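Colleague: You'll find query.cif just under this line, and it carries mmCIF, C-alpha atoms and all ligand atoms.
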data_input
loop_
_atom_site.label_atom_id
_atom_site.label_comp_id
_atom_site.auth_asym_id
_atom_site.auth_seq_id
_atom_site.Cartn_x
_atom_site.Cartn_y
_atom_site.Cartn_z
CA MET A 1 129.61 3.22 63.26
CA MET A 2 127.58 6.38 63.28
CA SER A 3 129.50 9.67 63.07
CA LYS A 4 129.36 12.06 66.03
CA GLU A 5 127.48 14.55 63.91
CA MET A 6 124.92 11.97 62.88
CA GLU A 7 124.46 10.96 66.48
CA LYS A 8 123.78 14.58 67.40
CA VAL A 9 121.13 14.90 64.69
CA MET A 10 119.50 11.64 65.70
CA SER A 11 119.29 12.53 69.35
CA CYS A 12 116.89 15.36 68.70
CA VAL A 13 113.77 15.06 70.83
CA GLU A 14 111.78 18.18 71.62
CA LEU A 15 108.73 18.74 73.81
CA CYS A 16 106.61 21.70 72.70
CA LYS A 17 103.06 22.97 72.25
CA GLY A 18 100.94 21.69 69.38
CA VAL A 19 98.13 23.23 67.30
CA ASN A 20 96.76 26.48 68.77
CA GLY A 21 99.39 26.32 71.51
CA GLY A 22 97.16 23.99 73.49
CA LEU A 23 98.18 20.36 73.79
CA ASP A 24 101.72 19.14 74.37
CA LYS A 25 103.51 17.26 71.63
CA VAL A 26 106.90 15.65 71.17
CA ILE A 27 108.87 16.10 67.97
CA LEU A 28 111.41 13.46 66.99
CA ARG A 29 113.90 14.62 64.40
CA GLY A 30 115.88 12.22 62.24
CA HIS A 31 118.14 12.30 59.25
CA ARG A 32 117.78 15.42 57.03
CA ARG A 33 114.15 16.58 57.26
CA SER A 34 112.62 13.38 58.58
CA SER A 35 110.51 13.79 61.69
CA VAL A 36 107.64 12.42 63.76
CA GLN A 37 105.17 14.32 65.92
CA VAL A 38 103.40 12.66 68.83
CA TYR A 39 100.70 14.25 70.98
CA LEU A 40 100.58 13.31 74.64
CA TYR A 41 96.82 13.50 74.17
CA GLY A 42 95.98 10.01 72.92
CA GLY A 43 99.67 9.06 72.68
CA GLN A 44 98.86 9.82 69.07
CA VAL A 45 101.31 10.21 66.22
CA THR A 46 99.97 12.99 63.98
CA SER A 47 102.84 13.46 61.55
CA TRP A 48 105.58 11.37 59.96
CA LYS A 49 107.82 13.01 57.39
CA ASN A 50 110.51 11.56 55.16
CA GLU A 51 113.99 12.96 54.50
CA LEU A 52 112.54 15.40 51.98
CA GLY A 53 110.09 16.70 54.56
CA GLU A 54 107.11 15.15 52.75
CA GLU A 55 104.16 14.19 54.97
CA LEU A 56 103.41 10.46 54.87
CA LEU A 57 100.40 10.33 57.19
CA PHE A 58 96.94 11.74 56.66
CA LEU A 59 95.64 14.23 59.21
CA SER A 60 92.27 15.78 58.46
CA SER A 61 92.26 19.52 57.83
CA LYS A 62 89.18 19.51 60.05
CA ALA A 63 90.80 17.55 62.90
CA THR A 64 90.07 19.14 66.25
CA PHE A 65 92.60 19.16 69.03
CA ASN A 66 89.96 19.56 71.72
CA PRO A 67 89.67 16.82 74.33
CA PRO A 68 87.65 14.71 74.88
CA LYS A 69 87.26 14.34 71.11
CA ALA A 70 89.85 12.15 69.41
CA ILE A 71 92.19 13.64 66.81
CA ARG A 72 91.09 12.61 63.29
CA GLY A 73 94.10 11.17 61.46
CA GLY A 74 97.64 10.08 62.19
CA ILE A 75 97.84 6.94 64.31
CA PRO A 76 95.20 6.75 67.05
CA ILE A 77 95.73 3.94 69.55
CA CYS A 78 92.61 1.78 69.86
CA PHE A 79 92.56 0.23 73.34
CA PRO A 80 91.03 -1.59 75.21
CA GLN A 81 88.51 -2.08 72.44
CA PHE A 82 88.72 -1.89 68.68
CA SER A 83 85.81 -0.03 67.05
CA ASN A 84 82.43 -1.27 68.26
CA HIS A 85 83.63 -4.82 68.96
CA GLY A 86 82.50 -4.58 72.59
CA PRO A 87 80.49 -2.46 75.03
CA LEU A 88 82.85 0.53 75.33
CA GLU A 89 82.86 3.72 73.26
CA SER A 90 84.22 3.34 69.70
CA HIS A 91 87.92 2.34 69.81
CA GLY A 92 88.05 2.37 73.61
CA PHE A 93 89.42 5.33 75.52
CA ALA A 94 93.24 5.38 75.13
CA ARG A 95 92.93 7.79 72.20
CA ASN A 96 91.24 10.39 74.34
CA ARG A 97 93.31 10.23 77.48
CA LEU A 98 96.32 12.31 78.40
CA TRP A 99 99.44 10.15 78.40
CA SER A 100 102.58 11.07 80.30
CA ILE A 101 106.21 10.86 79.31
CA ASP A 102 107.77 7.77 80.84
CA ALA A 103 111.18 9.01 81.96
CA ASP A 104 112.38 5.66 83.25
CA PRO A 105 110.81 2.83 81.24
CA PRO A 106 111.80 -0.80 81.87
CA PRO A 107 114.53 -1.75 79.39
CA PHE A 108 113.72 -2.96 75.93
CA PRO A 109 115.10 -6.42 75.12
CA THR A 110 116.55 -5.30 71.80
CA HIS A 111 119.25 -2.68 71.77
CA SER A 112 118.66 0.06 69.23
CA PRO A 113 121.30 2.63 68.27
CA ASN A 114 118.51 5.03 67.48
CA LYS A 115 118.21 8.08 69.71
CA ALA A 116 115.06 9.62 68.27
CA PHE A 117 112.40 8.03 70.40
CA VAL A 118 110.00 8.82 73.19
CA ASP A 119 108.40 6.57 75.78
CA LEU A 120 104.82 7.30 76.84
CA LEU A 121 102.78 5.84 79.65
CA LEU A 122 99.06 5.45 80.26
CA MET A 123 97.57 4.21 83.50
CA PRO A 124 93.88 4.22 84.42
CA SER A 125 92.37 7.00 86.50
CA ASP A 126 89.73 6.15 89.11
CA GLU A 127 87.14 7.35 86.59
CA ASP A 128 88.53 4.98 83.93
CA VAL A 129 88.27 2.06 86.33
CA LYS A 130 84.52 2.72 86.55
CA ILE A 131 84.27 2.28 82.76
CA TRP A 132 86.68 -0.67 82.49
CA PRO A 133 87.36 -2.20 85.91
CA HIS A 134 91.04 -3.03 85.49
CA ARG A 135 94.46 -1.70 86.39
CA TYR A 136 97.20 -1.69 83.79
CA GLU A 137 100.38 0.00 82.63
CA PHE A 138 100.42 0.76 78.94
CA ARG A 139 103.87 1.74 77.68
CA LEU A 140 104.22 3.06 74.16
CA ARG A 141 107.56 3.67 72.50
CA VAL A 142 107.50 5.80 69.35
CA ALA A 143 110.79 5.73 67.44
CA LEU A 144 112.05 7.24 64.22
CA GLY A 145 114.56 4.84 62.68
CA LEU A 146 117.82 5.74 60.98
CA GLY A 147 116.27 4.97 57.59
CA GLY A 148 113.25 7.15 58.34
CA ASP A 149 110.95 4.29 59.34
CA LEU A 150 108.43 4.78 62.13
CA MET A 151 108.25 2.16 64.86
CA LEU A 152 105.57 1.85 67.50
CA THR A 153 105.91 -0.67 70.30
CA SER A 154 103.19 -1.19 72.88
CA ARG A 155 103.71 -3.04 76.13
CA ILE A 156 100.58 -3.60 78.17
CA ARG A 157 100.83 -5.11 81.63
CA ASN A 158 98.01 -6.32 83.85
CA THR A 159 98.56 -4.69 87.29
CA ASN A 160 95.24 -5.80 88.81
CA THR A 161 95.56 -6.50 92.51
CA ASP A 162 92.29 -8.45 92.70
CA GLY A 163 93.79 -11.46 90.87
CA LYS A 164 91.56 -10.93 87.83
CA PRO A 165 92.67 -11.36 84.22
CA PHE A 166 91.49 -8.92 81.57
CA SER A 167 90.92 -9.13 77.82
CA PHE A 168 91.22 -6.44 75.21
CA THR A 169 91.30 -5.77 71.50
CA PHE A 170 93.74 -3.35 69.94
CA ALA A 171 94.73 -1.46 66.78
CA TYR A 172 97.26 1.03 65.51
CA HIS A 173 94.73 2.98 63.45
CA THR A 174 97.24 4.22 60.86
CA HIS A 175 95.97 6.78 58.32
CA PHE A 176 98.33 6.68 55.32
CA ALA A 177 98.43 9.72 53.03
CA VAL A 178 97.83 8.65 49.42
CA THR A 179 97.64 10.67 46.23
CA ASP A 180 94.44 9.17 44.82
CA ILE A 181 92.65 6.30 46.54
CA CYS A 182 91.45 4.99 43.15
CA GLU A 183 95.10 4.42 42.16
CA VAL A 184 96.09 2.58 45.34
CA ARG A 185 96.39 -1.13 45.90
CA VAL A 186 97.15 -3.20 48.95
CA GLU A 187 99.15 -6.40 48.65
CA GLY A 188 99.48 -9.14 51.23
CA LEU A 189 95.81 -9.66 52.13
CA GLU A 190 94.66 -11.57 49.04
CA THR A 191 92.92 -14.94 49.60
CA LEU A 192 92.47 -14.19 53.31
CA ASP A 193 89.26 -14.30 55.32
CA TYR A 194 87.84 -11.04 56.60
CA LEU A 195 85.00 -9.77 58.75
CA ASP A 196 82.99 -7.14 56.88
CA ASN A 197 81.97 -4.33 59.23
CA LEU A 198 79.60 -3.08 56.53
CA LYS A 199 77.75 -6.42 56.61
CA ASN A 200 77.27 -7.09 60.30
CA LYS A 201 80.79 -8.46 60.73
CA GLU A 202 79.95 -11.40 58.47
CA ARG A 203 82.93 -13.51 57.37
CA PHE A 204 84.02 -13.59 53.71
CA THR A 205 87.09 -14.71 51.78
CA GLU A 206 89.02 -12.17 49.71
CA GLN A 207 88.85 -13.20 46.06
CA GLY A 208 90.79 -10.51 44.26
CA ASP A 209 94.45 -10.38 43.35
CA ALA A 210 95.19 -7.33 45.43
CA ILE A 211 92.80 -4.93 47.09
CA THR A 212 91.81 -1.87 45.07
CA PHE A 213 89.29 0.81 46.00
CA GLU A 214 86.15 2.11 44.36
CA SER A 215 83.72 2.41 47.27
CA GLU A 216 83.51 2.40 51.05
CA ILE A 217 85.49 -0.36 52.74
CA ASP A 218 85.60 -1.43 56.40
CA ARG A 219 87.06 -4.89 56.90
CA VAL A 220 89.06 -6.83 59.45
CA TYR A 221 91.39 -9.22 57.61
CA LEU A 222 92.22 -12.20 59.79
CA SER A 223 95.52 -13.95 60.50
CA THR A 224 97.43 -11.86 58.00
CA PRO A 225 101.11 -12.10 57.07
CA THR A 226 103.51 -9.91 59.04
CA LYS A 227 104.18 -7.72 55.99
CA ILE A 228 101.61 -5.70 54.02
CA ALA A 229 102.35 -3.29 51.17
CA ILE A 230 100.32 -0.22 50.23
CA LEU A 231 101.18 0.95 46.74
CA ASP A 232 100.53 4.55 45.78
CA HIS A 233 100.91 4.29 42.00
CA GLU A 234 100.56 7.95 41.26
CA ARG A 235 103.38 8.93 43.61
CA LYS A 236 105.38 5.76 42.87
CA ARG A 237 105.65 5.24 46.59
CA THR A 238 105.10 2.04 48.55
CA PHE A 239 104.40 1.91 52.25
CA VAL A 240 105.59 -1.30 53.86
CA LEU A 241 103.88 -2.20 57.10
CA ARG A 242 105.49 -4.84 59.29
CA LYS A 243 103.86 -6.06 62.46
CA ASP A 244 104.39 -8.40 65.32
CA GLY A 245 101.91 -9.64 67.93
CA LEU A 246 99.06 -8.23 65.86
CA PRO A 247 97.54 -10.97 63.70
CA ASP A 248 94.75 -8.96 62.04
CA ALA A 249 94.71 -5.98 59.68
CA VAL A 250 91.85 -3.51 59.33
CA VAL A 251 91.31 -1.71 56.03
CA TRP A 252 89.09 1.38 56.12
CA ASN A 253 88.07 4.19 53.83
CA PRO A 254 84.76 5.97 54.55
CA TRP A 255 84.23 7.11 50.92
CA ASP A 256 82.04 10.08 50.01
CA LYS A 257 78.81 9.58 51.96
CA LYS A 258 80.38 8.75 55.34
CA ALA A 259 83.03 11.43 54.80
CA LYS A 260 80.27 14.02 54.54
CA ALA A 261 78.67 12.72 57.73
CA MET A 262 81.86 13.17 59.79
CA PRO A 263 82.17 16.73 61.13
CA ASP A 264 85.94 16.47 61.57
CA PHE A 265 86.67 15.07 58.10
CA GLY A 266 86.66 17.04 54.82
CA ASP A 267 84.10 15.99 52.19
CA GLU A 268 86.77 15.15 49.61
CA GLU A 269 89.50 13.97 51.97
CA TYR A 270 88.61 10.28 51.59
CA LYS A 271 90.42 10.45 48.22
CA HIS A 272 93.71 11.11 49.92
CA MET A 273 93.77 8.64 52.80
CA LEU A 274 93.69 4.95 53.50
CA CYS A 275 93.69 3.26 56.87
CA VAL A 276 95.55 -0.02 57.10
CA GLU A 277 95.68 -0.95 60.74
CA ALA A 278 97.82 -3.57 62.46
CA ALA A 279 95.31 -5.00 64.91
CA CYS A 280 94.18 -7.77 67.17
CA VAL A 281 90.41 -7.99 66.87
CA GLU A 282 89.08 -11.48 66.24
CA LYS A 283 90.73 -13.17 69.22
CA PRO A 284 91.10 -10.73 72.13
CA ILE A 285 94.30 -10.80 74.15
CA THR A 286 93.94 -12.02 77.72
CA LEU A 287 96.46 -11.14 80.42
CA LYS A 288 96.63 -12.49 83.95
CA PRO A 289 97.93 -10.18 86.69
CA GLY A 290 101.65 -9.63 86.15
CA GLU A 291 101.55 -10.69 82.50
CA GLU A 292 102.62 -8.36 79.70
CA TRP A 293 101.69 -8.23 76.01
CA ARG A 294 103.72 -6.62 73.26
CA GLY A 295 102.49 -5.42 69.88
CA ARG A 296 104.72 -3.74 67.37
CA GLN A 297 104.24 -1.95 64.09
CA GLU A 298 106.95 -0.65 61.79
CA ILE A 299 106.17 1.39 58.71
CA SER A 300 108.51 2.49 55.95
CA ALA A 301 108.02 4.42 52.74
CA VAL A 302 110.05 3.19 49.77
CA PRO A 303 110.01 4.10 46.08
CA SER A 304 107.91 1.70 43.99
CA SER A 305 109.72 0.33 40.95
CA TYR A 306 108.57 2.00 37.75
CA CYS A 307 106.86 -0.63 35.65
CA SER A 308 105.47 -3.40 37.82
CA GLY A 309 104.55 -1.56 40.97
CA GLN A 310 106.29 -4.27 42.95
CA LEU A 311 108.52 -3.40 45.87
CA ASP A 312 111.87 -2.00 44.90
CA PRO A 313 114.06 -5.15 45.22
CA GLN A 314 117.00 -3.33 46.79
CA ARG A 315 114.90 -1.82 49.54
CA ALA A 316 112.58 -4.80 49.84
CA MET A 317 115.56 -6.92 50.86
CA LEU A 318 116.11 -4.69 53.83
CA PHE A 319 112.67 -5.56 55.10
CA GLY A 320 113.12 -9.26 54.38
O1 LIG A 401 84.96 7.50 63.77
P1 LIG A 401 85.89 6.60 64.55
O2 LIG A 401 85.31 6.15 65.86
O3 LIG A 401 87.24 7.23 64.71
O4 LIG A 401 86.10 5.30 63.67
C1 LIG A 401 86.57 5.35 62.37
C2 LIG A 401 86.61 3.95 61.77
O5 LIG A 401 87.60 3.22 62.43
C3 LIG A 401 87.82 1.86 62.01
O6 LIG A 401 88.58 1.75 60.89
C4 LIG A 401 86.54 1.06 61.95
O7 LIG A 401 86.73 -0.17 61.29
C5 LIG A 401 85.42 1.83 61.30
O8 LIG A 401 84.21 1.13 61.45
C6 LIG A 401 85.28 3.22 61.87
O9 LIG A 401 84.27 3.93 61.20
#
For the file at hand, write its structure as structure tokens.
Ligand SMILES: O=P(O)(O)OC[C@H]1O[C@H](O)[C@H](O)[C@@H](O)[C@@H]1O

Modeller:
Amino acid sequence: MMSKEMEKVMSCVELCKGVNGGLDKVILRGHRRSSVQVYLYGGQVTSWKNELGEELLFLSSKATFNPPKAIRGGIPICFPQFSNHGPLESHGFARNRLWSIDADPPPFPTHSPNKAFVDLLLMPSDEDVKIWPHRYEFRLRVALGLGGDLMLTSRIRNTNTDGKPFSFTFAYHTHFAVTDICEVRVEGLETLDYLDNLKNKERFTEQGDAITFESEIDRVYLSTPTKIAILDHERKRTFVLRKDGLPDAVVWNPWDKKAKAMPDFGDEEYKHMLCVEAACVEKPITLKPGEEWRGRQEISAVPSSYCSGQLDPQRAMLFG
């Protein structure tokens, strides 16, 4: 049972103005100094802090908060198209639309005691329908768990009235903050096939033990396990990413040359970020009118054990 006091702390959800007093954002406050910030613009998480108030996500110091440009960093939502895997603009348009707060969302099947969450809603405007001729309701729940984990659940429903199905690709484009990219490794993707975006989406098989980084990387790993670990050796911190309904995982770091070419990304910032993205890219999702899809991502930050860099066994058990 949670104490009354704890319940009070956990129920903290605040709507306020973001950077430069412009765009609206929601702050979720959890235990001690843990928090999450979500902009209604893009339905985009831009900050996730642990109990010590340490930032766990990367947000570029050059990120602009000026629509229609997307915010560089945090967790952009890529919908209805991932990257350039289709005819739409890069990553579709959900990341540069204004979402609304969904005051009365349909119930979630699983009961959660957690009070620190917000429900957002995106529906197409008439202009959007000209770009992508479909009607949908996209519901996004962002929740800060009792243990400080960040959970994103997307529910996308086809509301077409013309009887037509639609297909889409999707990603939670999560930018993890890391101390030094050269000291990071990703476990859980070894021996898998991937499409290499740097080589015309050609298919390869991962050979290495774990993924380490020494140059630009832009890959879509296919049919991955539901759990992926990102080990930040220098900080002795491990991010655990768990996902459901999202078979693929994108790994991206632009490295020095591409970093310099991006106006909203610092020249040296590639050293301190890594994108590992729960995604559905290879096989698009198709929904008939009335059908709904769900895709969920849960991320946690746990201490790495000292010598081996493996997941701390105590905490790892919690994530099963
Ligand atoms: O610059 P953006 O449109 O935000 O895309 C940033 C990156 O996102 C993904 O990770 C893609 O795999 C990359 O190819 C792309 O460069």

Colleague: Point out the residue among A:Ala261, A:Ile299, A:Glu291, A:Val26 with the least atom-to-atom distance to Tyr136 of chain A, counting all atoms listed in the file.

Modeller: A:Glu291

Colleague: Using 3 Å of padding on each side, determine the axis-aligned box around all atoms of segment 188-199 of chain A present in the file and give its centre and edge lengths in Å to one decimal, as lines of an AutoDock Vina configuration file.

Modeller:
center_x = 88.6
center_y = -9.0
center_z = 54.1
size_x = 27.7
size_y = 17.9
size_z = 16.2

Colleague: Kindly indicate which residue among A:Pro263, A:Pro67, A:Gly18, A:Gly43 lies nearest to ligand LIG 401 (chain A), using only C-alpha atoms and all ligand atoms for the distances.

Modeller: A:Pro263

Colleague: What residues have any atom no more than 8 Å from ligand LIG 401 (chain A) when counting all atoms listed in the file, and can you list them as a list in words?

Modeller: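 Counting only what the definition allows, namely all atoms listed in the file, the set is Ala70, Arg72, Phe82, Ser83, Asn84, Ser90, His91, His173, Asn197, Leu198, Asp218, Arg219, Val220, Val250, Val251, Trp252, Asn253, Pro254, Met262, Cys275 and Glu277 of chain A.
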
Colleague: Counting all atoms listed in the file, which of A:Gly42, A:Gly145, A:Thr179, A:Leu140 gets nearest to Arg29 of chain A?

Modeller: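 Using all atoms listed in the file, the shortest distance to Arg29 of chain A belongs to A:Gly145.
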
Colleague: Atom CA of Arg203 of chain A and atom CA of Ile181 of chain A are how many Å apart?

Modeller: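 Separation of atom CA of Arg203 of chain A and atom CA of Ile181 of chain A: 24.6 Å.
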
Colleague: Counting only C-alpha atoms, figure out which residue out of A:Thr169, A:Asn96, A:Thr205, A:Ser125 gets nearest to Phe79 of chain A.

Modeller: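 Among the listed residues, the smallest separation from Phe79 of chain A belongs to A:Thr169.
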
Colleague: Restricting the calculation to only C-alpha atoms: of A:Gly73, A:Pro87, A:Pro106, A:Gly148, which residue gets closest to Phe239 of chain A?

Modeller: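 Under the stated criterion, the closest residue is A:Gly148.
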
Colleague: Can you pull out every residue within 8 Å of segment 151-161 of chain A, counting only C-alpha atoms, but drop anything in the same chain fewer than 4 positions away, and send it as a ChimeraX atom specification?

Modeller: /A:134-145,165-166,287-299

Colleague: Between atom CA of Phe117 of chain A and atom CA of Leu52 of chain A, what is the distance, to one decimal in Å?

Modeller: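 Between atom CA of Phe117 of chain A and atom CA of Leu52 of chain A the gap works out to 19.8 Å.
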
Colleague: Between atom CA of His272 of chain A and atom CA of Ile71 of chain A, measure the distance and give it in Å to one decimal.

Modeller: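 It comes out at 17.1 Å.
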
Colleague: What lies within 12 Å of Gly21 of chain A using all atoms listed in the file, ignoring chain neighbours under 4 positions off, as a PyMOL selection string?

Modeller: chain A and resi 16-17+25+65-66

Colleague: Give me the residues near Gly188 of chain A as a list of chain:residue names, where near means some atom within 10 Å (using only C-alpha atoms) and where sequence neighbours in that chain fewer than 4 positions away do not count.

Modeller: A:Leu192, A:Asp209, A:Ala210, A:Ile211, A:Thr224, A:Pro225, A:Thr226, A:Lys227, A:Ile228, A:Ala229, A:Ile230

Colleague: Which one of A:Pro105, A:Thr64, A:Leu231, A:Ile131 sits closest to Asn20 of chain A if you count all atoms listed in the file?

Modeller: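 Using all atoms listed in the file, Asn20 of chain A sits closest to A:Thr64.
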
Colleague: Residues at most 9 Å from Pro80 of chain A, counting all atoms listed in the file, excluding those fewer than 5 positions away in the same chain, as a VMD selection string?

Modeller: chain A and resid 88 91 to 94 132 167 to 170
